[in-house]
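Enquirer: Would you mind keeping the following structure in view while I ask a few things?
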Amino acid sequence: MAEYESIHGTRVRYLTSDPTLNSSTEGQVWYNSTSGTNKALVQIKATSSGGSLATARSGLSGGGASPQTVGIVFGGQTSPATTNTTATEEYNGFNWTTTGNMNLGRGYGCGFGTQTAAVGAGGYDHGNGDQSEVEEYNGSTWSEVTDLPGNQRSQGAAGTQTAGLVFGGDPPGPIRTQSLEYDGTNWTSSGTLNTGRKYLAGCGVQTLALAVGGSTGTPTRSAATEEYNGSSWTSGNSFTEGRSALACFGVQTHAVIAGGADPSIVNSIEEYDGTNWTTSPATLATARRYFAGFGSGTAGAVAGGGTPGITAATEEYDSNINTLNPDVWTSGGALNTARGQLSGSGTQNAAIAAGGLNPSAGGTLDNSEEYNGSSWSEGNNLNDARRVMLANGPQTSAFVAGGFVPANTAATENYNGTSWTNSGNLNTARRHGAGAGTQTAGLAFAGFVSSPSTLTEEYDGSSWTAQNTMNTGKFGNAGCGTQTAAFSFAGGNPPASPSLVLVTENYDGTSWTNSPHNIGSGRYSVAGSTAGTQTSALLFGGIPNQTFTTEKYDGSSWSSTAAMANGRSYLAGAGAGTSGLAIGGGNSPFLSATEEFSVGTGPVATASTLTTS
């Protein structure tokens with residue numbers, strides 16, 4: 001049997017402790033004499049699902065220079081595959097948002113650039129044939145610019161809006177070897193590919209581009225790799241599995257290819273280090289071709305679409321030396337009474353849940369329960385049974401207001417840790433609103449009056465005072481923060497279009513202002529971290545689709561995080577932005593399940609112990 005030294009040219013190091021784990025130790029093997037084990041630092045490679053496209057399609061194009069969390073795709077053909085689409089969608093790392101349409105619908109063209117500065121060139125317009133049309137995107141709208149010098153489709157592309165590169169493709173005549181450089185205004189011919197091909201892929205920048213795969217003629221699929229230096233192409237090492245209609249993302253020295261056909265449709269992934277290709281142990285969940293890719297060689301997204309069938313599925317690829325130790329939801333103690341449309345407040349280890357609906361348990365409920373971090377215990381009941389009321393405050397001094405019993409109510413109750421006491425009514429009866437603050441400095445906002453409401457009221461522990469209204473009417477939203485620094489997110493506002501509110505709002509004790517940071521997934525009948533703040537909050541559950549989805553906010557952006565085990569709406573929330581609590585929810589069946597949210601430790605390089613078998 002060959003020894004490690006004869007294979008790698010170096011001996012296994014003998015160490016009393018693991019070395020510093022970073023990119024410089026990646027791939028190294030050592031013997032830890034303290035633990036008596038052979039260890040190594042290896043890359044972790046995996047694919048995961050992202051949000052689905054709004055428009056399923058094949059033959060779509062994308063901005064390949066976009067990062068994984070700021071991507072764009074456009075065009076393509078929908079089901080049936082002969083129907084062109086002009087649809088454009090932007091990706092925020094977990095969901096797609098529809099934006100301005102292209103002027104000409106087409107598929108099997110090429111794209112390059114970023115989410116705010118993209119180019120779509122050529123393609124096939126069913127019914128009108130191959131196209132020379134070129135359009136530029138500015139982050140919201142498309143405009144026609146200088147055409148390609150001739151109709152063409154199935155090209156590869158790389159670069160940015162002002163320094164782009166298009167190569168290969170067809171027709172007319174033989175498969176193209178031509179390359180065209182774009183300076184933001186004009187197209188200029190440049191060096192030719194060594195191997196002409198169509199349905200190839202590309203990545204990188206105009207002066208350091210990569211052309212991979214493609215078809216040299218049915219049924220021949222190519223495994224060729226070529227590198228561009230700004231004027232000419234040089235052949236590099238081929239990859240393992242020849243394929244066409246594949247996706248590519250990254251740069252010339254660190255690229256990834258995924259999917260395609262060889263001629264059967266494949267799900268395999270390969271990585272390029274600037275010299276050689278290696279097959280990744282990760283594969284796509286869905287084998288596909290004719291789709292788009294963008295991102296880096298360590299974090300790339302493959303945008304939905306492709307055949308067989310027309311899919312909207314999105315997958316993300318991760319390749320690094322870090323163990324992610326992700327955020328997670330874990331099961332907590334179950335409520336004594338399953339219910340939906342309940343309210344909650346407090347912290348993860350000291351929460352309260354009150355009211356709600358469960359026809360088999362008596363209909364609209366007055367039940368109140370306390371949570372100690374592991375189990376729920378029955379407390380004294382509300383004075384008035386009700387549901388979809390707003391609530392906030394700690395477990396020993398919470399308040400609830402409004403709700404539905406069976407009409408909208410303005411009733412308010414205070415909790416002292418033992419019993420509930422009636423207090424002053426809201427000025428405007430409402431249901432499905434949100435609250436913030438404490439029992440002596442509280443806030444009520446939004447909700448449903450006779451339509452989605454903008455109304456805001458401040459509470460001093462005994463009476464409510466009307467304040468300045470919100471910018472957008474909504475109900476079924478979530479809230480947190482204090483009376484002078486409150487935060488509202490999510491909610492519904494029909495019949496407006498769109499009817500799901502993405503914009504978030506901040507309250508400063510006087511007025512509401514729109515935050516520049518929208519949530520990623522519009523929904524209502526949600527829950528949030530009632531003990532959160534304007535800079536640290538959680539959003540989870542809701543409608544549509546009894547969602548499992550969770551988003552967290554760090555004061556600068558919302559990001560997708562761990563999904564709940566139970567998809568649900570009409571649930572209650574409690575806890576902080578880093579330690580949330582999801583309580584009950586549902587609507588036939590009604591849930592008693594409680595889940596606890598914990599923030600992960602983030603990316604950490606972890607050595608693997610080598611064993612024999």
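Residue numbers start at 1 in each chain; chains themselves are named A, B, ... in the order of the structure tokens; ligands are numbered from 1 in the order shown.
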Tell me which protein, DNA and RNA residues are within 8 Å of A:Asp262, counting only C-alpha atoms, leaving out same-chain ones fewer than 5 positions away, and put them as a PyMOL selection string.

Expert: chain A and resi 220-221+241-244

Enquirer: Could you take the residues named above and write them with N, CA and C atoms, as an mmCIF file, in the first residue's frame?

Expert:
```cif
data_model
loop_
_atom_site.group_PDB
_atom_site.id
_atom_site.type_symbol
_atom_site.label_atom_id
_atom_site.label_comp_id
_atom_site.auth_asym_id
_atom_site.auth_seq_id
_atom_site.Cartn_x
_atom_site.Cartn_y
_atom_site.Cartn_z
ATOM 1 N N THR A 220 -22.846 15.120 -29.943
ATOM 2 C CA THR A 220 -21.550 15.270 -29.281
ATOM 3 C C THR A 220 -21.565 16.410 -28.274
ATOM 4 N N ARG A 221 -21.260 16.090 -27.005
ATOM 5 C CA ARG A 221 -21.140 17.092 -25.946
ATOM 6 C C ARG A 221 -19.667 17.259 -25.603
ATOM 7 N N GLU A 241 -16.883 15.241 -17.303
ATOM 8 C CA GLU A 241 -18.117 14.791 -17.952
ATOM 9 C C GLU A 241 -18.561 15.825 -18.974
ATOM 10 N N GLY A 242 -18.355 15.556 -20.271
ATOM 11 C CA GLY A 242 -18.793 16.474 -21.304
ATOM 12 C C GLY A 242 -20.280 16.756 -21.192
ATOM 13 N N ARG A 243 -20.652 18.019 -21.386
ATOM 14 C CA ARG A 243 -22.061 18.393 -21.219
ATOM 15 C C ARG A 243 -22.347 19.711 -21.930
ATOM 16 N N SER A 244 -23.593 19.889 -22.322
ATOM 17 C CA SER A 244 -24.062 21.149 -22.898
ATOM 18 C C SER A 244 -25.238 21.645 -22.075
#
```

Enquirer: Within 9 Å of stretch 180-195 of chain A, counting only C-alpha atoms, which residues show up once you throw out same-chain ones fewer than 4 positions away? Write them as a list in words, please.

Expert: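 Listing them by chain and then by number gives Glu136, Val145, Thr146, Asp147, Leu148, Pro149, Thr160, Gln161, Thr162, Ala163, Gly164, Leu165, Val166, Phe167, Gly168, Arg176, Gln206, Ala211, Thr216, Ala224, Glu226, Tyr228, Gly230, Ser231, Ser232, Trp233, Thr234 and Ser235 of chain A.
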
Enquirer: Here is a test: counting only C-alpha atoms, which residue of A:Val266, A:Ala313, A:Ala361, A:Ala582 is nearest to A:Ser58?

Expert: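 That would be A:Ala313, the residue with the smallest distance to A:Ser58.
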
Enquirer: Give the answer as one residue: which of A:Pro494, A:Gly75, A:Gly355, A:Gly340 has the shortest atom-to-atom distance to A:Val526, using only C-alpha atoms?

Expert: A:Gly340

Enquirer: What does the structure give for the distance between atom CA of A:Ala496 and atom CA of A:Asn471, in Å to one decimal?

Expert: 13.5 Å

Enquirer: Can you list, as a ChimeraX atom specification, every protein, DNA or RNA residue that comes within 10 Å of A:Gly139 when you count only C-alpha atoms, leaving out same-chain residues fewer than 4 positions away?

Expert: /A:72,90,99-100,114-118

Enquirer: May I have all residues of stretch 419-515 of chain A that DSSP, computed from the backbone, assigns to strand (DSSP E or B), given as a VMD selection string?

Expert: chain A and resid 420 to 423 430 to 431 434 to 437 442 to 445 448 452 to 453 456 to 459 464 to 467 474 to 475 478 to 482 485 to 489 492 500 505 to 507 512 to 514

Enquirer: Of the candidates A:Pro544, A:Gly120, A:Gly204, A:Ala574, which shows the shortest atom-to-atom distance to A:Tyr371, using only C-alpha atoms?

Expert: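 Comparing A:Pro544, A:Gly120, A:Gly204, A:Ala574 against A:Tyr371, the winner is A:Ala574.
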
Enquirer: Compile the contact shell of A:Thr253 as a PyMOL selection string: residues with an atom at most 8 Å away, counting only C-alpha atoms, same-chain residues fewer than 6 positions apart removed.

Expert: chain A and resi 272-275

Enquirer: Set the distance at 8 Å and use only C-alpha atoms: which residues neighbour stretch 547-553 of chain A once local chain neighbours fewer than 6 positions away are removed? I'd like the list as a tab-separated table (two decimals) with N, CA and C atoms, in the first residue's frame.

Expert:
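Now in part14.tsv:
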```tsv
chain	number	residue	atom	x	y	z
A	519	ILE	N	-38.65	42.97	4.15
A	519	ILE	CA	-38.57	41.54	4.37
A	519	ILE	C	-38.49	40.84	3.02
A	520	GLY	N	-38.04	39.59	3.03
A	520	GLY	CA	-37.87	38.87	1.77
A	520	GLY	C	-39.11	38.18	1.29
A	535	THR	N	-33.22	46.71	15.71
A	535	THR	CA	-31.99	46.22	15.08
A	535	THR	C	-31.78	44.73	15.25
A	536	SER	N	-32.73	44.03	15.89
A	536	SER	CA	-32.60	42.59	16.08
A	536	SER	C	-33.99	41.99	16.24
A	537	ALA	N	-34.46	41.33	15.20
A	537	ALA	CA	-35.83	40.81	15.22
A	537	ALA	C	-35.92	39.50	14.45
A	538	LEU	N	-36.96	38.73	14.76
A	538	LEU	CA	-37.30	37.50	14.05
A	538	LEU	C	-38.71	37.58	13.51
A	539	LEU	N	-38.91	36.99	12.33
A	539	LEU	CA	-40.22	36.86	11.70
A	539	LEU	C	-40.39	35.42	11.30
A	540	PHE	N	-41.55	34.80	11.65
A	540	PHE	CA	-41.72	33.38	11.33
A	540	PHE	C	-43.20	33.05	11.13
A	541	GLY	N	-43.41	32.01	10.30
A	541	GLY	CA	-44.76	31.53	10.03
A	541	GLY	C	-45.56	32.49	9.17
A	559	SER	N	-32.45	38.27	6.43
A	559	SER	CA	-31.88	37.09	5.80
A	559	SER	C	-32.70	35.86	6.17
A	560	SER	N	-32.76	34.93	5.23
A	560	SER	CA	-33.45	33.67	5.47
A	560	SER	C	-32.64	32.83	6.45
A	561	THR	N	-33.33	32.13	7.33
A	561	THR	CA	-32.63	31.28	8.29
A	561	THR	C	-33.42	30.00	8.47
A	562	ALA	N	-33.14	29.26	9.52
A	562	ALA	CA	-33.70	27.92	9.70
A	562	ALA	C	-35.23	27.93	9.63
A	563	ALA	N	-35.79	26.94	8.96
A	563	ALA	CA	-37.24	26.79	8.88
A	563	ALA	C	-37.77	26.07	10.12
A	564	MET	N	-38.98	26.43	10.52
A	564	MET	CA	-39.62	25.72	11.63
A	564	MET	C	-39.96	24.29	11.22
A	565	ALA	N	-40.09	23.41	12.19
A	565	ALA	CA	-40.51	22.03	11.91
A	565	ALA	C	-41.97	21.98	11.53
A	566	ASN	N	-42.77	22.92	12.05
A	566	ASN	CA	-44.20	22.96	11.79
A	566	ASN	C	-44.56	24.22	11.00
A	567	GLY	N	-45.02	24.04	9.75
A	567	GLY	CA	-45.55	25.18	9.02
A	567	GLY	C	-46.85	25.64	9.67
A	568	ARG	N	-46.99	26.95	9.89
A	568	ARG	CA	-48.17	27.41	10.60
A	568	ARG	C	-48.41	28.90	10.40
A	569	SER	N	-49.65	29.29	10.57
A	569	SER	CA	-50.06	30.69	10.63
A	569	SER	C	-50.92	30.86	11.88
A	577	GLY	N	-34.57	38.71	19.27
A	577	GLY	CA	-34.15	38.47	17.89
A	577	GLY	C	-33.17	37.34	17.72
```

Enquirer: When you count only C-alpha atoms, which of these residues is closest to A:Asn392: A:Gln483, A:Ser33, A:Thr465, A:Gly127?

Expert: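 Checking each of A:Gln483, A:Ser33, A:Thr465, A:Gly127 against A:Asn392, counting only C-alpha atoms, the winner is A:Gln483.
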
Enquirer: I want to know what sits within 12 Å of A:Ser588, based on only C-alpha atoms, with residues of the same chain fewer than 3 positions away left out; could you give that as a VMD selection string?

Expert: chain A and resid 338 to 341 357 to 360 546 568 to 570 584 to 585 591 to 592
